[in-house]
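Chemist: Data file input38.cif (mmCIF, N, CA and C atoms) is appended below.
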```cif
data_target
loop_
_atom_site.group_PDB
_atom_site.id
_atom_site.type_symbol
_atom_site.label_atom_id
_atom_site.label_comp_id
_atom_site.auth_asym_id
_atom_site.auth_seq_id
_atom_site.Cartn_x
_atom_site.Cartn_y
_atom_site.Cartn_z
ATOM 1 N N MET A 1 34.713 -21.148 4.923
ATOM 2 C CA MET A 1 34.084 -19.910 5.308
ATOM 3 C C MET A 1 33.037 -20.230 6.373
ATOM 4 N N SER A 2 33.131 -19.562 7.499
ATOM 5 C CA SER A 2 32.175 -19.811 8.573
ATOM 6 C C SER A 2 31.125 -18.703 8.603
ATOM 7 N N VAL A 3 29.949 -19.092 9.024
ATOM 8 C CA VAL A 3 28.850 -18.134 9.152
ATOM 9 C C VAL A 3 28.950 -17.480 10.527
ATOM 10 N N GLN A 4 28.917 -16.169 10.553
ATOM 11 C CA GLN A 4 28.991 -15.443 11.807
ATOM 12 C C GLN A 4 27.643 -15.504 12.526
ATOM 13 N N PRO A 5 27.641 -15.879 13.796
ATOM 14 C CA PRO A 5 26.370 -15.868 14.534
ATOM 15 C C PRO A 5 25.904 -14.420 14.709
ATOM 16 N N TYR A 6 24.628 -14.227 14.703
ATOM 17 C CA TYR A 6 24.088 -12.889 14.883
ATOM 18 C C TYR A 6 23.177 -12.863 16.096
ATOM 19 N N GLN A 7 23.029 -11.686 16.623
ATOM 20 C CA GLN A 7 22.146 -11.497 17.767
ATOM 21 C C GLN A 7 20.805 -11.010 17.244
ATOM 22 N N ALA A 8 19.740 -11.509 17.831
ATOM 23 C CA ALA A 8 18.404 -11.110 17.405
ATOM 24 C C ALA A 8 18.217 -9.612 17.598
ATOM 25 N N ILE A 9 17.489 -9.003 16.685
ATOM 26 C CA ILE A 9 17.156 -7.587 16.762
ATOM 27 C C ILE A 9 15.992 -7.436 17.725
ATOM 28 N N GLU A 10 16.141 -6.550 18.704
ATOM 29 C CA GLU A 10 15.059 -6.330 19.668
ATOM 30 C C GLU A 10 14.112 -5.254 19.151
ATOM 31 N N LEU A 11 12.821 -5.611 19.116
ATOM 32 C CA LEU A 11 11.767 -4.673 18.735
ATOM 33 C C LEU A 11 11.036 -4.220 19.989
ATOM 34 N N PHE A 12 10.786 -2.938 20.077
ATOM 35 C CA PHE A 12 10.010 -2.371 21.181
ATOM 36 C C PHE A 12 8.679 -1.920 20.596
ATOM 37 N N TYR A 13 7.595 -2.499 21.091
ATOM 38 C CA TYR A 13 6.254 -2.117 20.643
ATOM 39 C C TYR A 13 5.735 -0.990 21.536
ATOM 40 N N SER A 14 5.487 0.165 20.943
ATOM 41 C CA SER A 14 4.880 1.282 21.662
ATOM 42 C C SER A 14 3.464 1.445 21.124
ATOM 43 N N TYR A 15 2.487 1.332 22.001
ATOM 44 C CA TYR A 15 1.089 1.309 21.571
ATOM 45 C C TYR A 15 0.198 1.770 22.722
ATOM 46 N N ALA A 16 -1.014 2.172 22.387
ATOM 47 C CA ALA A 16 -2.017 2.475 23.413
ATOM 48 C C ALA A 16 -2.663 1.148 23.831
ATOM 49 N N HIS A 17 -2.917 0.991 25.098
ATOM 50 C CA HIS A 17 -3.483 -0.276 25.580
ATOM 51 C C HIS A 17 -4.823 -0.606 24.934
ATOM 52 N N GLU A 18 -5.541 0.396 24.477
ATOM 53 C CA GLU A 18 -6.806 0.128 23.771
ATOM 54 C C GLU A 18 -6.563 -0.624 22.460
ATOM 55 N N ASP A 19 -5.346 -0.570 21.965
ATOM 56 C CA ASP A 19 -4.989 -1.214 20.699
ATOM 57 C C ASP A 19 -4.222 -2.527 20.896
ATOM 58 N N GLU A 20 -4.354 -3.112 22.067
ATOM 59 C CA GLU A 20 -3.609 -4.335 22.380
ATOM 60 C C GLU A 20 -3.912 -5.467 21.400
ATOM 61 N N LYS A 21 -5.144 -5.592 20.967
ATOM 62 C CA LYS A 21 -5.491 -6.663 20.021
ATOM 63 C C LYS A 21 -4.765 -6.472 18.693
ATOM 64 N N LEU A 22 -4.593 -5.217 18.286
ATOM 65 C CA LEU A 22 -3.852 -4.944 17.048
ATOM 66 C C LEU A 22 -2.371 -5.283 17.219
ATOM 67 N N ARG A 23 -1.822 -4.998 18.398
ATOM 68 C CA ARG A 23 -0.429 -5.362 18.666
ATOM 69 C C ARG A 23 -0.262 -6.874 18.636
ATOM 70 N N ASP A 24 -1.223 -7.584 19.231
ATOM 71 C CA ASP A 24 -1.191 -9.049 19.209
ATOM 72 C C ASP A 24 -1.197 -9.575 17.771
ATOM 73 N N LYS A 25 -2.005 -8.960 16.931
ATOM 74 C CA LYS A 25 -2.097 -9.377 15.533
ATOM 75 C C LYS A 25 -0.771 -9.132 14.806
ATOM 76 N N LEU A 26 -0.151 -7.998 15.053
ATOM 77 C CA LEU A 26 1.148 -7.706 14.451
ATOM 78 C C LEU A 26 2.187 -8.717 14.913
ATOM 79 N N GLU A 27 2.167 -9.067 16.192
ATOM 80 C CA GLU A 27 3.109 -10.069 16.709
ATOM 81 C C GLU A 27 2.937 -11.404 15.999
ATOM 82 N N LYS A 28 1.707 -11.777 15.678
ATOM 83 C CA LYS A 28 1.468 -13.024 14.946
ATOM 84 C C LYS A 28 2.095 -12.966 13.559
ATOM 85 N N HIS A 29 2.004 -11.795 12.909
ATOM 86 C CA HIS A 29 2.602 -11.644 11.588
ATOM 87 C C HIS A 29 4.127 -11.758 11.645
ATOM 88 N N LEU A 30 4.720 -11.358 12.757
ATOM 89 C CA LEU A 30 6.171 -11.389 12.909
ATOM 90 C C LEU A 30 6.669 -12.652 13.611
ATOM 91 N N ALA A 31 5.772 -13.580 13.919
ATOM 92 C CA ALA A 31 6.109 -14.776 14.700
ATOM 93 C C ALA A 31 7.195 -15.623 14.036
ATOM 94 N N LEU A 32 7.185 -15.747 12.730
ATOM 95 C CA LEU A 32 8.196 -16.554 12.053
ATOM 96 C C LEU A 32 9.587 -15.971 12.285
ATOM 97 N N LEU A 33 9.723 -14.652 12.187
ATOM 98 C CA LEU A 33 11.023 -14.020 12.434
ATOM 99 C C LEU A 33 11.478 -14.235 13.875
ATOM 100 N N GLU A 34 10.531 -14.207 14.799
ATOM 101 C CA GLU A 34 10.884 -14.439 16.205
ATOM 102 C C GLU A 34 11.278 -15.901 16.426
ATOM 103 N N ARG A 35 10.527 -16.798 15.823
ATOM 104 C CA ARG A 35 10.814 -18.232 15.966
ATOM 105 C C ARG A 35 12.181 -18.584 15.391
ATOM 106 N N GLU A 36 12.580 -17.903 14.319
ATOM 107 C CA GLU A 36 13.880 -18.160 13.697
ATOM 108 C C GLU A 36 15.020 -17.411 14.389
ATOM 109 N N GLY A 37 14.699 -16.620 15.412
ATOM 110 C CA GLY A 37 15.726 -15.922 16.165
ATOM 111 C C GLY A 37 16.227 -14.648 15.527
ATOM 112 N N VAL A 38 15.518 -14.162 14.517
ATOM 113 C CA VAL A 38 15.917 -12.927 13.847
ATOM 114 C C VAL A 38 15.560 -11.719 14.704
ATOM 115 N N ILE A 39 14.402 -11.790 15.353
ATOM 116 C CA ILE A 39 13.941 -10.684 16.194
ATOM 117 C C ILE A 39 13.486 -11.213 17.547
ATOM 118 N N THR A 40 13.433 -10.310 18.514
ATOM 119 C CA THR A 40 12.730 -10.552 19.771
ATOM 120 C C THR A 40 11.844 -9.337 19.986
ATOM 121 N N GLY A 41 10.633 -9.561 20.405
ATOM 122 C CA GLY A 41 9.706 -8.463 20.641
ATOM 123 C C GLY A 41 9.543 -8.196 22.124
ATOM 124 N N TRP A 42 9.352 -6.925 22.461
ATOM 125 C CA TRP A 42 9.109 -6.559 23.852
ATOM 126 C C TRP A 42 8.062 -5.454 23.903
ATOM 127 N N HIS A 43 7.176 -5.571 24.893
ATOM 128 C CA HIS A 43 6.176 -4.535 25.164
ATOM 129 C C HIS A 43 5.892 -4.549 26.659
ATOM 130 N N ASP A 44 5.167 -3.551 27.109
ATOM 131 C CA ASP A 44 4.987 -3.362 28.551
ATOM 132 C C ASP A 44 4.209 -4.472 29.242
ATOM 133 N N ARG A 45 3.493 -5.291 28.506
ATOM 134 C CA ARG A 45 2.774 -6.408 29.125
ATOM 135 C C ARG A 45 3.731 -7.513 29.586
ATOM 136 N N LYS A 46 4.991 -7.406 29.212
ATOM 137 C CA LYS A 46 5.997 -8.378 29.637
ATOM 138 C C LYS A 46 6.702 -7.962 30.927
ATOM 139 N N ILE A 47 6.277 -6.886 31.528
ATOM 140 C CA ILE A 47 6.873 -6.441 32.786
ATOM 141 C C ILE A 47 6.417 -7.388 33.892
ATOM 142 N N GLY A 48 7.373 -7.946 34.597
ATOM 143 C CA GLY A 48 7.078 -8.900 35.657
ATOM 144 C C GLY A 48 6.564 -8.233 36.924
ATOM 145 N N ALA A 49 5.896 -9.024 37.734
ATOM 146 C CA ALA A 49 5.373 -8.536 39.008
ATOM 147 C C ALA A 49 6.514 -8.030 39.880
ATOM 148 N N GLY A 50 6.299 -6.901 40.508
ATOM 149 C CA GLY A 50 7.288 -6.332 41.407
ATOM 150 C C GLY A 50 8.359 -5.498 40.726
ATOM 151 N N LYS A 51 8.334 -5.436 39.423
ATOM 152 C CA LYS A 51 9.316 -4.631 38.687
ATOM 153 C C LYS A 51 8.847 -3.181 38.619
ATOM 154 N N GLU A 52 9.789 -2.269 38.578
ATOM 155 C CA GLU A 52 9.488 -0.851 38.390
ATOM 156 C C GLU A 52 9.182 -0.638 36.911
ATOM 157 N N TRP A 53 7.913 -0.382 36.595
ATOM 158 C CA TRP A 53 7.501 -0.343 35.196
ATOM 159 C C TRP A 53 8.256 0.720 34.398
ATOM 160 N N GLN A 54 8.478 1.891 34.951
ATOM 161 C CA GLN A 54 9.163 2.949 34.217
ATOM 162 C C GLN A 54 10.606 2.551 33.889
ATOM 163 N N ASN A 55 11.288 1.945 34.855
ATOM 164 C CA ASN A 55 12.659 1.490 34.613
ATOM 165 C C ASN A 55 12.712 0.403 33.544
ATOM 166 N N GLU A 56 11.765 -0.523 33.590
ATOM 167 C CA GLU A 56 11.718 -1.598 32.596
ATOM 168 C C GLU A 56 11.505 -1.021 31.190
ATOM 169 N N ILE A 57 10.578 -0.091 31.072
ATOM 170 C CA ILE A 57 10.306 0.526 29.774
ATOM 171 C C ILE A 57 11.537 1.276 29.283
ATOM 172 N N ASP A 58 12.138 2.074 30.148
ATOM 173 C CA ASP A 58 13.331 2.837 29.756
ATOM 174 C C ASP A 58 14.468 1.923 29.328
ATOM 175 N N THR A 59 14.669 0.839 30.061
ATOM 176 C CA THR A 59 15.731 -0.113 29.727
ATOM 177 C C THR A 59 15.528 -0.679 28.331
ATOM 178 N N HIS A 60 14.298 -1.088 28.025
ATOM 179 C CA HIS A 60 14.035 -1.695 26.714
ATOM 180 C C HIS A 60 14.007 -0.653 25.604
ATOM 181 N N LEU A 61 13.579 0.556 25.902
ATOM 182 C CA LEU A 61 13.662 1.616 24.896
ATOM 183 C C LEU A 61 15.113 1.867 24.501
ATOM 184 N N ASN A 62 15.997 1.836 25.481
ATOM 185 C CA ASN A 62 17.411 2.101 25.222
ATOM 186 C C ASN A 62 18.142 0.930 24.585
ATOM 187 N N SER A 63 17.667 -0.293 24.799
ATOM 188 C CA SER A 63 18.365 -1.461 24.265
ATOM 189 C C SER A 63 17.802 -1.951 22.927
ATOM 190 N N SER A 64 16.632 -1.499 22.551
ATOM 191 C CA SER A 64 16.000 -1.955 21.308
ATOM 192 C C SER A 64 16.638 -1.300 20.092
ATOM 193 N N GLN A 65 16.794 -2.090 19.050
ATOM 194 C CA GLN A 65 17.299 -1.551 17.799
ATOM 195 C C GLN A 65 16.184 -0.927 16.959
ATOM 196 N N ILE A 66 14.963 -1.426 17.135
ATOM 197 C CA ILE A 66 13.807 -0.906 16.390
ATOM 198 C C ILE A 66 12.686 -0.604 17.371
ATOM 199 N N ILE A 67 12.114 0.573 17.241
ATOM 200 C CA ILE A 67 10.959 0.964 18.052
ATOM 201 C C ILE A 67 9.782 1.118 17.095
ATOM 202 N N LEU A 68 8.786 0.247 17.278
ATOM 203 C CA LEU A 68 7.596 0.285 16.439
ATOM 204 C C LEU A 68 6.524 1.114 17.132
ATOM 205 N N LEU A 69 6.139 2.209 16.516
ATOM 206 C CA LEU A 69 5.059 3.040 17.047
ATOM 207 C C LEU A 69 3.772 2.620 16.355
ATOM 208 N N LEU A 70 2.845 2.064 17.112
ATOM 209 C CA LEU A 70 1.555 1.658 16.554
ATOM 210 C C LEU A 70 0.618 2.850 16.682
ATOM 211 N N VAL A 71 0.724 3.736 15.720
ATOM 212 C CA VAL A 71 0.031 5.017 15.781
ATOM 213 C C VAL A 71 -1.437 4.841 15.415
ATOM 214 N N SER A 72 -2.290 5.315 16.293
ATOM 215 C CA SER A 72 -3.739 5.285 16.104
ATOM 216 C C SER A 72 -4.304 6.512 16.809
ATOM 217 N N ALA A 73 -5.605 6.699 16.726
ATOM 218 C CA ALA A 73 -6.242 7.796 17.457
ATOM 219 C C ALA A 73 -6.013 7.620 18.962
ATOM 220 N N ASN A 74 -6.083 6.383 19.436
ATOM 221 C CA ASN A 74 -5.834 6.111 20.860
ATOM 222 C C ASN A 74 -4.401 6.470 21.245
ATOM 223 N N PHE A 75 -3.455 6.154 20.389
ATOM 224 C CA PHE A 75 -2.045 6.449 20.636
ATOM 225 C C PHE A 75 -1.831 7.964 20.730
ATOM 226 N N ILE A 76 -2.385 8.696 19.788
ATOM 227 C CA ILE A 76 -2.222 10.149 19.767
ATOM 228 C C ILE A 76 -2.901 10.800 20.967
ATOM 229 N N ALA A 77 -4.036 10.260 21.397
ATOM 230 C CA ALA A 77 -4.761 10.829 22.528
ATOM 231 C C ALA A 77 -4.123 10.493 23.878
ATOM 232 N N SER A 78 -3.215 9.509 23.885
ATOM 233 C CA SER A 78 -2.594 9.074 25.139
ATOM 234 C C SER A 78 -1.566 10.088 25.625
ATOM 235 N N ASP A 79 -1.660 10.456 26.892
ATOM 236 C CA ASP A 79 -0.669 11.347 27.483
ATOM 237 C C ASP A 79 0.675 10.652 27.610
ATOM 238 N N TYR A 80 0.680 9.348 27.873
ATOM 239 C CA TYR A 80 1.926 8.625 28.077
ATOM 240 C C TYR A 80 2.640 8.326 26.759
ATOM 241 N N CYS A 81 1.891 7.848 25.786
ATOM 242 C CA CYS A 81 2.527 7.489 24.489
ATOM 243 C C CYS A 81 3.174 8.700 23.880
#
```
Rewrite the structure from the file as structure tokens, please.
Modeler:
Amino acid sequence: MSVQPYQAIELFYSYAHEDEKLRDKLEKHLALLEREGVITGWHDRKIGAGKEWQNEIDTHLNSSQIILLLVSANFIASDYC
């Protein structure tokens, strides 16, 4: 019996930039899953120089299996979030 390889689940972090430290803390809690290849995390701070930020966000929103909403007062007050 062979073990089927699996593809890592992509997580999309949606958060207000004022809560970036909280997102960083959550990423640390999930680091073991990422290190083992179970998940990959993505957020807007990973957008490379010269990339169209809206297209990058839309692409990852559409390709992610899980979208984590880090809901806070800052998140609710944000026009973009």
Chemist: Taking only C-alpha atoms into account, which of A:Trp42, A:Glu36, A:Ser72, A:Leu30 comes nearest Ile57 of chain A?
Modeler: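 Of A:Trp42, A:Glu36, A:Ser72, A:Leu30, the one nearest Ile57 of chain A is A:Trp42, counting only C-alpha atoms.
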Chemist: DSSP on the backbone, strand (DSSP E or B) only: what residues of chain A does that give? Format it as a JSON list (two decimals) with N, CA and C atoms, keeping the file's coordinate frame.
Modeler:
```
[["chain", "number", "residue", "atom", "x", "y", "z"],
["A", 9, "ILE", "N", 17.49, -9.00, 16.68],
["A", 9, "ILE", "CA", 17.16, -7.59, 16.76],
["A", 9, "ILE", "C", 15.99, -7.44, 17.73],
["A", 10, "GLU", "N", 16.14, -6.55, 18.70],
["A", 10, "GLU", "CA", 15.06, -6.33, 19.67],
["A", 10, "GLU", "C", 14.11, -5.25, 19.15],
["A", 11, "LEU", "N", 12.82, -5.61, 19.12],
["A", 11, "LEU", "CA", 11.77, -4.67, 18.74],
["A", 11, "LEU", "C", 11.04, -4.22, 19.99],
["A", 12, "PHE", "N", 10.79, -2.94, 20.08],
["A", 12, "PHE", "CA", 10.01, -2.37, 21.18],
["A", 12, "PHE", "C", 8.68, -1.92, 20.60],
["A", 13, "TYR", "N", 7.60, -2.50, 21.09],
["A", 13, "TYR", "CA", 6.25, -2.12, 20.64],
["A", 13, "TYR", "C", 5.74, -0.99, 21.54],
["A", 14, "SER", "N", 5.49, 0.16, 20.94],
["A", 14, "SER", "CA", 4.88, 1.28, 21.66],
["A", 14, "SER", "C", 3.46, 1.44, 21.12],
["A", 39, "ILE", "N", 14.40, -11.79, 15.35],
["A", 39, "ILE", "CA", 13.94, -10.68, 16.19],
["A", 39, "ILE", "C", 13.49, -11.21, 17.55],
["A", 40, "THR", "N", 13.43, -10.31, 18.51],
["A", 40, "THR", "CA", 12.73, -10.55, 19.77],
["A", 40, "THR", "C", 11.84, -9.34, 19.99],
["A", 41, "GLY", "N", 10.63, -9.56, 20.40],
["A", 41, "GLY", "CA", 9.71, -8.46, 20.64],
["A", 41, "GLY", "C", 9.54, -8.20, 22.12],
["A", 42, "TRP", "N", 9.35, -6.92, 22.46],
["A", 42, "TRP", "CA", 9.11, -6.56, 23.85],
["A", 42, "TRP", "C", 8.06, -5.45, 23.90],
["A", 66, "ILE", "N", 14.96, -1.43, 17.14],
["A", 66, "ILE", "CA", 13.81, -0.91, 16.39],
["A", 66, "ILE", "C", 12.69, -0.60, 17.37],
["A", 67, "ILE", "N", 12.11, 0.57, 17.24],
["A", 67, "ILE", "CA", 10.96, 0.96, 18.05],
["A", 67, "ILE", "C", 9.78, 1.12, 17.10],
["A", 68, "LEU", "N", 8.79, 0.25, 17.28],
["A", 68, "LEU", "CA", 7.60, 0.28, 16.44],
["A", 68, "LEU", "C", 6.52, 1.11, 17.13],
["A", 69, "LEU", "N", 6.14, 2.21, 16.52],
["A", 69, "LEU", "CA", 5.06, 3.04, 17.05],
["A", 69, "LEU", "C", 3.77, 2.62, 16.36]]
```
Chemist: Distance atom CA of Leu32 of chain A-atom C of Glu56 of chain A, one decimal place?
Modeler: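 We find that atom CA of Leu32 of chain A and atom C of Glu56 of chain A lie 24.9 Å from each other.
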Chemist: Quick one: residues within 8 Å of Gly41 of chain A, only N, CA and C atoms, excluding same-chain residues fewer than 5 positions away - as a ChimeraX atom specification?
Modeler: /A:9-13,27,34
Chemist: Just to be explicit: take each residue in the selection above, keep N, CA and C atoms, and write the result as a PDB file, in the frame of the given file.
Modeler:
```
ATOM      1  N   ILE A   9      17.489  -9.003  16.685  1.00  0.00           N
ATOM      2  CA  ILE A   9      17.156  -7.587  16.762  1.00  0.00           C
ATOM      3  C   ILE A   9      15.992  -7.436  17.725  1.00  0.00           C
ATOM      4  N   GLU A  10      16.141  -6.550  18.704  1.00  0.00           N
ATOM      5  CA  GLU A  10      15.059  -6.330  19.668  1.00  0.00           C
ATOM      6  C   GLU A  10      14.112  -5.254  19.151  1.00  0.00           C
ATOM      7  N   LEU A  11      12.821  -5.611  19.116  1.00  0.00           N
ATOM      8  CA  LEU A  11      11.767  -4.673  18.735  1.00  0.00           C
ATOM      9  C   LEU A  11      11.036  -4.220  19.989  1.00  0.00           C
ATOM     10  N   PHE A  12      10.786  -2.938  20.077  1.00  0.00           N
ATOM     11  CA  PHE A  12      10.010  -2.371  21.181  1.00  0.00           C
ATOM     12  C   PHE A  12       8.679  -1.920  20.596  1.00  0.00           C
ATOM     13  N   TYR A  13       7.595  -2.499  21.091  1.00  0.00           N
ATOM     14  CA  TYR A  13       6.254  -2.117  20.643  1.00  0.00           C
ATOM     15  C   TYR A  13       5.735  -0.990  21.536  1.00  0.00           C
ATOM     16  N   GLU A  27       2.167  -9.067  16.192  1.00  0.00           N
ATOM     17  CA  GLU A  27       3.109 -10.069  16.709  1.00  0.00           C
ATOM     18  C   GLU A  27       2.937 -11.404  15.999  1.00  0.00           C
ATOM     19  N   GLU A  34      10.531 -14.207  14.799  1.00  0.00           N
ATOM     20  CA  GLU A  34      10.884 -14.439  16.205  1.00  0.00           C
ATOM     21  C   GLU A  34      11.278 -15.901  16.426  1.00  0.00           C
TER      22      GLU A  34
END
```
Chemist: Expand the PyMOL selection byres (((chain A and resi 7 and name CA) around 10) and name CA) into the individual residues it matches in the shown file, reporting them as a PDB file with N, CA and C atoms, in the frame of the given file.
Modeler:
```pdb
ATOM      1  N   GLN A   4      28.917 -16.169  10.553  1.00  0.00           N
ATOM      2  CA  GLN A   4      28.991 -15.443  11.807  1.00  0.00           C
ATOM      3  C   GLN A   4      27.643 -15.504  12.526  1.00  0.00           C
ATOM      4  N   PRO A   5      27.641 -15.879  13.796  1.00  0.00           N
ATOM      5  CA  PRO A   5      26.370 -15.868  14.534  1.00  0.00           C
ATOM      6  C   PRO A   5      25.904 -14.420  14.709  1.00  0.00           C
ATOM      7  N   TYR A   6      24.628 -14.227  14.703  1.00  0.00           N
ATOM      8  CA  TYR A   6      24.088 -12.889  14.883  1.00  0.00           C
ATOM      9  C   TYR A   6      23.177 -12.863  16.096  1.00  0.00           C
ATOM     10  N   ALA A   8      19.740 -11.509  17.831  1.00  0.00           N
ATOM     11  CA  ALA A   8      18.404 -11.110  17.405  1.00  0.00           C
ATOM     12  C   ALA A   8      18.217  -9.612  17.598  1.00  0.00           C
ATOM     13  N   ILE A   9      17.489  -9.003  16.685  1.00  0.00           N
ATOM     14  CA  ILE A   9      17.156  -7.587  16.762  1.00  0.00           C
ATOM     15  C   ILE A   9      15.992  -7.436  17.725  1.00  0.00           C
ATOM     16  N   GLU A  10      16.141  -6.550  18.704  1.00  0.00           N
ATOM     17  CA  GLU A  10      15.059  -6.330  19.668  1.00  0.00           C
ATOM     18  C   GLU A  10      14.112  -5.254  19.151  1.00  0.00           C
ATOM     19  N   GLY A  37      14.699 -16.620  15.412  1.00  0.00           N
ATOM     20  CA  GLY A  37      15.726 -15.922  16.165  1.00  0.00           C
ATOM     21  C   GLY A  37      16.227 -14.648  15.527  1.00  0.00           C
ATOM     22  N   VAL A  38      15.518 -14.162  14.517  1.00  0.00           N
ATOM     23  CA  VAL A  38      15.917 -12.927  13.847  1.00  0.00           C
ATOM     24  C   VAL A  38      15.560 -11.719  14.704  1.00  0.00           C
ATOM     25  N   ILE A  39      14.402 -11.790  15.353  1.00  0.00           N
ATOM     26  CA  ILE A  39      13.941 -10.684  16.194  1.00  0.00           C
ATOM     27  C   ILE A  39      13.486 -11.213  17.547  1.00  0.00           C
ATOM     28  N   THR A  40      13.433 -10.310  18.514  1.00  0.00           N
ATOM     29  CA  THR A  40      12.730 -10.552  19.771  1.00  0.00           C
ATOM     30  C   THR A  40      11.844  -9.337  19.986  1.00  0.00           C
TER      31      THR A  40
END
```
Chemist: When you draw a straight line from atom CA of Asn55 of chain A to atom CA of Leu69 of chain A, how long is it in Å?
Modeler: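 Separation between atom CA of Asn55 of chain A and atom CA of Leu69 of chain A: 19.2 Å.
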Chemist: Which distance in Å separates atom N of Ala73 of chain A and atom N of Ala16 of chain A, to one decimal?
Modeler: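 So the answer is 8.6 Å.
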Chemist: Taking the chain letters and numbering used in this document, name the residues of chain A that DSSP puts in alpha helix (DSSP H), as number ranges by chain.
Modeler: A: 20-29, 31-35, 53-63, 73-77
Chemist: Using the file's own x, y and z axes, so that the box edges lie along x, y and z, what centre and edge lengths in Å (one decimal) does a box around every listed atom of segment 3-20 of chain A get when 6 Å is added on each side? Give it as AutoDock Vina command-line options.
Modeler:
```
--center_x 11.6 --center_y -8.3 --center_z 17.3 --size_x 48.8 --size_y 33.6 --size_z 28.6
```
Chemist: I would like the residues chosen by the PyMOL selection byres (((chain A and resi 81 and name CA) around 10) and name CA) on the shown file; could you give them as a VMD selection string?
Modeler: chain A and resid 14 to 17 69 to 71 74 to 80
Chemist: Ranking A:His29, A:Arg23, A:His43, A:Arg35 by minimum distance to Asp58 of chain A and counting only C-alpha atoms, which one comes first?
Modeler: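 Closest candidate: A:His43.
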Chemist: Which residue, A:His60, A:Leu33, A:Asp44, A:Gln65, has the smallest gap to Glu20 of chain A when you use only C-alpha atoms?
Modeler: A:Asp44
